[in-house]
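Novice: Sharing a structure here in structure tokens format.
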There are 2 protein chains.
Amino acid sequence: MPLKLACAQIEVLPGRPDVNSRKMLDWIARAKQEGVDVILFPEMAIPGYMIGDRWEQPTFLDDCVHYGQEILAASQGITVIFGNVAVEKRRTNTDGHVRKYNAAFVAQDGRFLPGLAERDFWIKSSLPAYREFDDPRYFTPAAAVLEEKRLKAAKAFQPVTLTVRDREYRFGIFLCEDGWTEHYRLQVPRLLVGNGAQLLCNLSCSPFTLGKNGKRHRVFGSQAKDLQIPVVYCNNTGIQNNGKDVFTCDGQSCVYGPDGTVKTAAPMYEEELLVFTWDEGTDRIRAASYKDEIIATEEDEAAMVYKALHFGLTRFLAQVGIDRMVLGISGGIDSAVAAALYADVLGPGRVLLVNMPSQYNSALTKTLAQQLAENIGANYTVVPISDSVAHTVNQLYTPIHSYHTNRDFKVELTDLMYQNIQARDRGARLLAGFAAAYHGGFSCNANKAELSVGYGTFYGDIAGVLAPLGDLWKHQVYALGRYLNDQVYHREVIPRGIFDIRPSAELSRGQTVGNGGDPLEYGYHDYLLRAFVENWDKATPLEILQHYRDQDLDHFLGCEPGTVDRCFPSNAAFCADLERWYGLFTGLAVAKRIQAPPVLALSRRAYGYDYREAQLPPYLPRRYKELKEALLRQERLF
Amino acid sequence: MPLKLACAQIEVLPGRPDVNSRKMLDWIARAKQEGVDVILFPEMAIPGYMIGDRWEQPTFLDDCVHYGQEILAASQGITVIFGNVAVEKRRTNTDGHVRKYNAAFVAQDGRFLPGLAERDFWIKSSLPAYREFDDPRYFTPAAAVLEEKRLKAAKAFQPVTLTVRDREYRFGIFLCEDGWTEHYRLQVPRLLVGNGAQLLCNLSCSPFTLGKNGKRHRVFGSQAKDLQIPVVYCNNTGIQNNGKDVFTCDGQSCVYGPDGTVKTAAPMYEEELLVFTWDEGTDRIRAASYKDEIIATEEDEAAMVYKALHFGLTRFLAQVGIDRMVLGISGGIDSAVAAALYADVLGPGRVLLVNMPSQYNSALTKTLAQQLAENIGANYTVVPISDSVAHTVNQLYTPIHSYHTNRDFKVELTDLMYQNIQARDRGARLLAGFAAAYHGGFSCNANKAELSVGYGTFYGDIAGVLAPLGDLWKHQVYALGRYLNDQVYHREVIPRGIFDIRPSAELSRGQTVGNGGDPLEYGYHDYLLRAFVENWDKATPLEILQHYRDQDLDHFLGCEPGTVDRCFPSNAAFCADLERWYGLFTGLAVAKRIQAPPVLALSRRAYGYDYREAQLPPYLPRRYKELKEALLRQERLF
């Protein structure tokens with residue numbers, strides 16, 4: 001009779017060990033009813049994973065340990081493998097705080113089975129310290145324990161032996177990053193198999209990233225195949241955040257057979273007890289259904305983006321207690337997509353759309369805004385801002401007395417100041433006011449290109465409870481808009497006219513839908529800026545200029561062939577544009593991002609604490625200047 | 001003839017290897033003129049230390065390496081010990097990025113002397129991952145290299161042998177955290193001395209923290225004494241930041257004799273070539289002057305706070321290109337202290353103070369605000385906000401059409417909403433507008449108690465380029481105010497009346513200077529909140545309630561004896577207060593801090609990216625409820 005296992009793909013609520021352990025107890029009871037022999041829970045299933053410096057509260061740690069004991073007590077007649085923090089009060093981390101491990105426990109019949117280095121738990125070895133991960137800040141790695149005990153890794157990483165119905169099974173238990181073995185010295189899965197593991201169990205708390213699932217299938221699948229062993233991947237759902245970024249954990253727990261293929265999988269963003277059997281003789285995995293959704297959907301980026309945003313927004317708003325949202329809608333694409341998205345999440349009756357025209361807003365965009373509201377079936381109002389802006393301008397012209405010179409003077413306002421006054425008048429004054437009065441929050445509709453260069457106003461359009469589009473380039477916003485119309489609403493909720501108009505802030509006479517759009521040429525700048533922030537090797541103006549010189553910049557950036565040629569009439573224009581945007585990206589835009597709302601993270605690198613940054617003085621790479629001077633000797637490349 | 005050494009306490013500009021290396025070349029030339037044999041520069045003297053993910057730009061790394069070569073070329077006739085990033089392109093960090101070390105180089109006569117593990121540099125071993133430090137995110141530690149080469153630490157950490165005027169000297173070179181040996185396995189200074197080092201050199205880039213200098217003297221002094229060896233501590237000045245926190249590096253480079261005492265020291269926050277001689281026979285350190293300022297000033301907290309703020313503000317404003325500041329002044333202490341501080345930094349002629357009264361502001365505070373401006377000699381204007389607030393309220397009452405129900409409705413405003421409208425009207429509308437028109441920035445005057453519980457308004461008073469008082473509790477703000485009057489201005493710049501009035505937001509009829517102040521009782525809440533965020537073991541309501549029950553809460557928190565008794569008429573009142581503020585501290589205040597301006601960090605734990613936090617659901621420790629219930633069975637403790 002083959003062993004019956006279950007991945008408990010639960011939704012974990014970070015910082016709520018009481019709620020999470022309660023749920024685990026329920027699921028254990030359910031698994032027992034279904035005759036499951038071994039149930040797995042994700043990494044840090046009890047405390048949650050991204051809880052910031054709450055790891056420094058001894059009381060919180062005590063509670064996590066306590067709730068772990070409750071899980072232990074529930075393990076009569078079943079084996080429960082779960083992630084939790086392990087605490088050793090007599091030892092310290094290298095920072096002097098009480099010793100903590102990111103650990104996996106194996107509970108069976110009321111006792112913990114022996115783990116690593118004479119402990120009754122397994123310790124995460126590879127502690128990620130990139131992107132949003134701060135593991136070394138909180139946890140001591142397995143290697144430190146082996147050193148203290150003078151144990152060799154080759155011997156120490158033993159599988160745990162489970163006895164089920166008088167038969168023994170050797171499970172290799174490891175945590176999340178220990179499965180991503182590319183660059184770590186300790187190859188935990190290999191060590192476990194070398195020491196006789198018959199099945200590998202990876203407990204994860206893994207945030208969604210576009211393209212990551214495909215990579216995991218390659219890494220974990222080839223691991224299973226190389227080691228000729230089934231690999232169980234148990235991940236949670238739910239959201240976790242580090243303050244500046246909100247991450248969705250997508251679940252997608254699955255089982256890889258020894259041939260490297262996925263034998264069964266839980267869905268994306270849904271709780272599921274994924275039950276399957278494993279015949280340790282034949283290594284055959286059997287499950288109620290084989291689910292290939294994870295591989296099929298990987299390819300459609302807009303679908304994945306929509307799923308992640310829908311789930312992330314739903315959970316985030318629920319967690320912060322917001323069930324109504326206010327959005328300023330301009331008639332442009334970003335606010336339209338955000339409005340359609342929030343209406344989809346909360347229902348159109350819980351969304352208030354506010355159009356706030358000044359004298360610079362065209363009849364076209366005002367009409368489009370109204371059509372959008374009507375199509376969505378949302379609440380809608382129009383509040384012109386000309387009077388309040390005029391009032392502000394008048395007030396700013398109030399005479400100022402200098403006690404320094406004993407003279408009076410007045411400030412002067414430029415066009416740019418006037419534009420920002422409008423944006424702040426809309427954001428911090430009206431939208432924030434409406435949000436409070438509507439008992440909700442208001443949305444920051446900035447996209448990633450705008451956040452990259454700070455094309456937005458402090459306390460104006462860079463404000464709100466969350467930036468749902470803040471990790472999407474402009475072209476991804478359009479794609480999401482099309483997906484919402486075609487696949488979610490199945491009708492033209494976002495009017496076609498909104499897709500067709502040229503993006504424009506409509507903040508001045510020279511900047512309207514008709515006669516002057518955004519200074520960003522998204523077909524080029526989306527990709528240029530992406531190279532600065534998302535490329536594995538972060539690009540600087542030097543590489544950009546080198547590729548420009550070599551005439552393969554379109555290819556390097558991944559934009560449409562011919563884009564660079566189309567956009568720039570001369571080498572001088574190219575360099576001026578490059579320096580302008582890189583200067584903003586590393587300059588004022590950093591200051592704006594520091595005070596920007598949290599971003600719902602989707603990409604390989606989201607602004608916030610995924611991409612970490614300091615306010616630094618301007619700097620261009622050393623060899624940039626000489627390359628530029630060489631290029632400027634000719635007007636165009638050819 | 002004793003060896004002549006110099007600590008080059010330079011101001012490092014993070015992210016500007018060109019500027020830093022240029023300065024180093026100048027100082028090397030100067031040291032040569034003074035007959036210096038060995039010159040030391042701080043950790044990461046070329047790139048700067050806190051530069052965020054710029055470490056992922058290969059071009060930036062190339063530049064750092066290039067400028068390191070320029071230093072090397074300048075080492076003819078002198079030994080130059082300096083910090084820089086070391087790059088190994090054929091290896092990777094555990095995240096897969098190109099291998100980087102936080103390294104120290106020893107250049108002599110145009111060549112690098114041999115370092116650790118067959119490299120020509122020394123590698124930082126202890127990589128801090130607490131507070132603002134993210135070293136494991138970017139750098140590979142020495143231990144990894146030793147493992148790869150299968151070297152024993154006891155043998156690997158050899159001193160470098162310098163030959164100067166045909167005599168050999170054995171220097172033990174190590175970096176910053178490797179001197180703070182408390183909790184690390186590798187005790188680098190001890191290993192170096194065990195292998196024959198005659199002098200220890202610690203290169204640091206160490207941010208100022210109140211009380212840290214005293215601790216360093218204890219740690220480094222006792223190290224020198226225990227190991228019977230002189231220790232040279234070389235730190236830089238300047239500011240560095242991680243986005244959310246601005247840190248000042250205070251310099252204070254010094255030399256500890258083998259008796260553990262400071263033999264010579266460079267001043268705080270000033271560049272200095274600290275020249276001294278060392279007789280390796282007698283271990284005698286001689287310098288032009290013995291400077292005991294560092295120890296003397298440690299005791300006066302307000303003086304230290306002032307120095308750090310003055311230096312930090314000066315440098316921060318210069319770096320971001322701001323030379324004029326706008327401040328809203330209410331007649332209260334926070335804005336008064338901030339105004340006096342900015343006027344001290346920029347000169348009173350470059351500060352614009354704006355009083356923005358509504359109908360709730362008293363004649364008293366309006367007069368105090370005007371007196372303050374006059375005393376400072378600043379620019380001053382009064383802009384009443386009643387009209388604009390009324391206009392906003394009218395606009396928020398615009399009918400809203402529901403396309404959902406096809407009916408019109410209006411929102412309703414509560415008193416709290418009305419208060420926040422006033423705050424945003426002042427901040428995002430007027431101050432931001434004035435700042436732009438005055439060609440400057442505007443100040444966020446929030447103190448740490450306010451930031452702790454979010455007692456402030458998004459885009460209202462929680463807005464601005466920097467929160468200079470954001471790491472000071474209310475009682476520290478008062479102390480700084482007194483210091484500014486007494487020690488900086490030597491006159492009553494901040495009117496006595498501002499110290500005397502009860503703090504109040506003056507945002508409603510019930511909340512005025514006369515009849516209802518802030519809901520925070522600073523004499524208690526400053527200390528309660530400090531326990532949550534600054535205590536080594538972060539306190540939760542459980543410990544607070546335990547100490548309350550045990551009647552030693554005043555002592556535990558460090559507030560005036562009798563405070564708790566005075567503040568709370570009953571156990572129920574105590575618990576309600578505790579839950580209220582802890583709920584805000586872990587709830588809405590987190591959301592506000594995420595979008596708050598950068599804080600100038602002074603304490604053991606500043607909000608921002610020093611104290612890291614996630615938005616989490618509410619949670620009270622497991623045993624809190626039962627303890628509370630037990631307490632509520634009696635009205636008061638005794």
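Labels for the structure tokens follow display order: chains A, B, ..., residues from 1 in each chain, ligands from 1.
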Set the cut-off to 6 Å and count only C-alpha atoms: what are the residues of chain A that reach chain B? Output as a PyMOL selection string.

Specialist: chain A and resi 51-53+56-57+94+96+129-130+137+183-184+241-243+349+374+377-381+400-404+411-413+437+459+537-538+595-597+612-615

Novice: If you count only C-alpha atoms, which residues fall within 7 Å of segment 155-170 of chain B, apart from same-chain ones fewer than 3 positions away, as a list of chain:residue names?

Specialist: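 Everything that qualifies: B:Gly115, B:Leu116, B:Ala117, B:Leu151, B:Lys152, B:Ile173, B:Leu191, B:Leu192, B:Asn195, B:Gly196, B:Ala197, B:Gln198, B:Leu199.
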
Novice: Hey, can you spit out that residue selection with N, CA and C atoms as a tab-separated table (two decimals), in the first residue's frame?

Specialist:
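Full text of again33.tsv as output:
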```tsv
chain	number	residue	atom	x	y	z
B	115	GLY	N	47.69	39.61	0.66
B	115	GLY	CA	46.64	39.68	1.67
B	115	GLY	C	46.16	38.31	2.09
B	116	LEU	N	44.87	38.11	2.09
B	116	LEU	CA	44.29	36.88	2.60
B	116	LEU	C	44.13	35.86	1.47
B	117	ALA	N	44.44	34.62	1.79
B	117	ALA	CA	44.13	33.50	0.90
B	117	ALA	C	44.62	33.74	-0.53
B	151	LEU	N	41.58	26.50	3.84
B	151	LEU	CA	42.56	27.11	4.74
B	151	LEU	C	41.97	27.21	6.14
B	152	LYS	N	42.81	27.05	7.12
B	152	LYS	CA	42.39	27.25	8.50
B	152	LYS	C	42.49	28.73	8.85
B	173	ILE	N	45.62	43.91	9.59
B	173	ILE	CA	44.64	44.75	8.89
B	173	ILE	C	43.26	44.11	9.00
B	191	LEU	N	43.34	36.56	16.07
B	191	LEU	CA	44.08	35.72	15.14
B	191	LEU	C	45.29	36.47	14.59
B	192	LEU	N	45.10	37.73	14.27
B	192	LEU	CA	46.19	38.53	13.71
B	192	LEU	C	47.32	38.69	14.72
B	195	ASN	N	49.27	35.62	15.22
B	195	ASN	CA	50.23	35.38	14.13
B	195	ASN	C	51.29	36.47	14.03
B	196	GLY	N	51.40	37.26	15.09
B	196	GLY	CA	52.57	38.15	15.16
B	196	GLY	C	52.34	39.61	14.84
B	197	ALA	N	51.08	40.04	14.68
B	197	ALA	CA	50.86	41.46	14.40
B	197	ALA	C	51.39	42.31	15.55
B	198	GLN	N	52.03	43.43	15.18
B	198	GLN	CA	52.57	44.35	16.20
B	198	GLN	C	51.68	45.56	16.38
B	199	LEU	N	50.81	45.77	15.41
B	199	LEU	CA	49.91	46.92	15.43
B	199	LEU	C	48.66	46.50	14.68
```

Novice: Grab the atom CA of Gln371 of chain B to atom CA of Ala339 of chain B distance for me, in Å with one decimal place.

Specialist: 12.2 Å

Novice: Fewer than 3 positions away in the same chain doesn't count, so skip those; otherwise give me all residues within 9 Å of Glu11 of chain A, counting only C-alpha atoms, as a list in words.

Specialist: Asn20, Lys23, Ala45, Asn236, Thr237, Gly238, Ile239, Cys249, Gly251, Tyr269, Glu270 and Glu271 of chain A
